[in-house]
Amino acid sequence: IALYQEAMANAIQIEITQSTQKRLDDFAATRNYTSIITAALRVNSAVPKFQVDGEYCNKIMDETWFILDTILTDVAGGARPMPNGYDEIEPELPVLAWPL
């Protein structure tokens, strides 16, 4: 039973991590970037609009992954139960909205 529970927890963690990355990539795609990473790389662009996008994407990635890391650390430490899936933790993630 313990091995089954561990395997399920690992599968849930993978699903949460992949879904979190997809959420970020889907957001970047709303401005035609291929991923959040390619958008974040624009931070050094000579084009002001792209530079602003890059700064925001770096900020939102940091905030998102910090929250997810905190959640998973709390789970590992027994401070909270393992979520049943991504849908449970999504409301805890930052709102994604491009700067004006």
# chains A, B, ... in the order shown; residues from 1 in each chain; ligands from 1
>>> residues_around(residues="Gln51 in chain A", least_positions_apart="4", cutoff="12 Å", atoms="only C-alpha atoms", output="PyMOL selection string")
chain A and resi 38-47+55-58+99
>>> atom_distance(atom1="CA of Glu92 in chain A", atom2="CA of Glu63 in chain A")
10.8 Å
>>> residues_around(residues="Asn10 in chain A", least_positions_apart="2", cutoff="12 Å", atoms="only C-alpha atoms", output="ChimeraX atom specification")
/A:3-8,12-17,72,75-76,82-85
>>> atom_distance(atom1="CA of Gln18 in chain A", atom2="CA of Ile89 in chain A")
12.8 Å
>>> closest_residue(among="A:Ile37, A:Ile67, A:Ala79, A:Ile1", to="Leu24 in chain A", atoms="only C-alpha atoms")
A:Ile37
>>> select_by_dssp(residues="range 62-99 of chain A", states="alpha helix (DSSP H)", output="VMD selection string")
chain A and resid 62 to 76 86 to 89
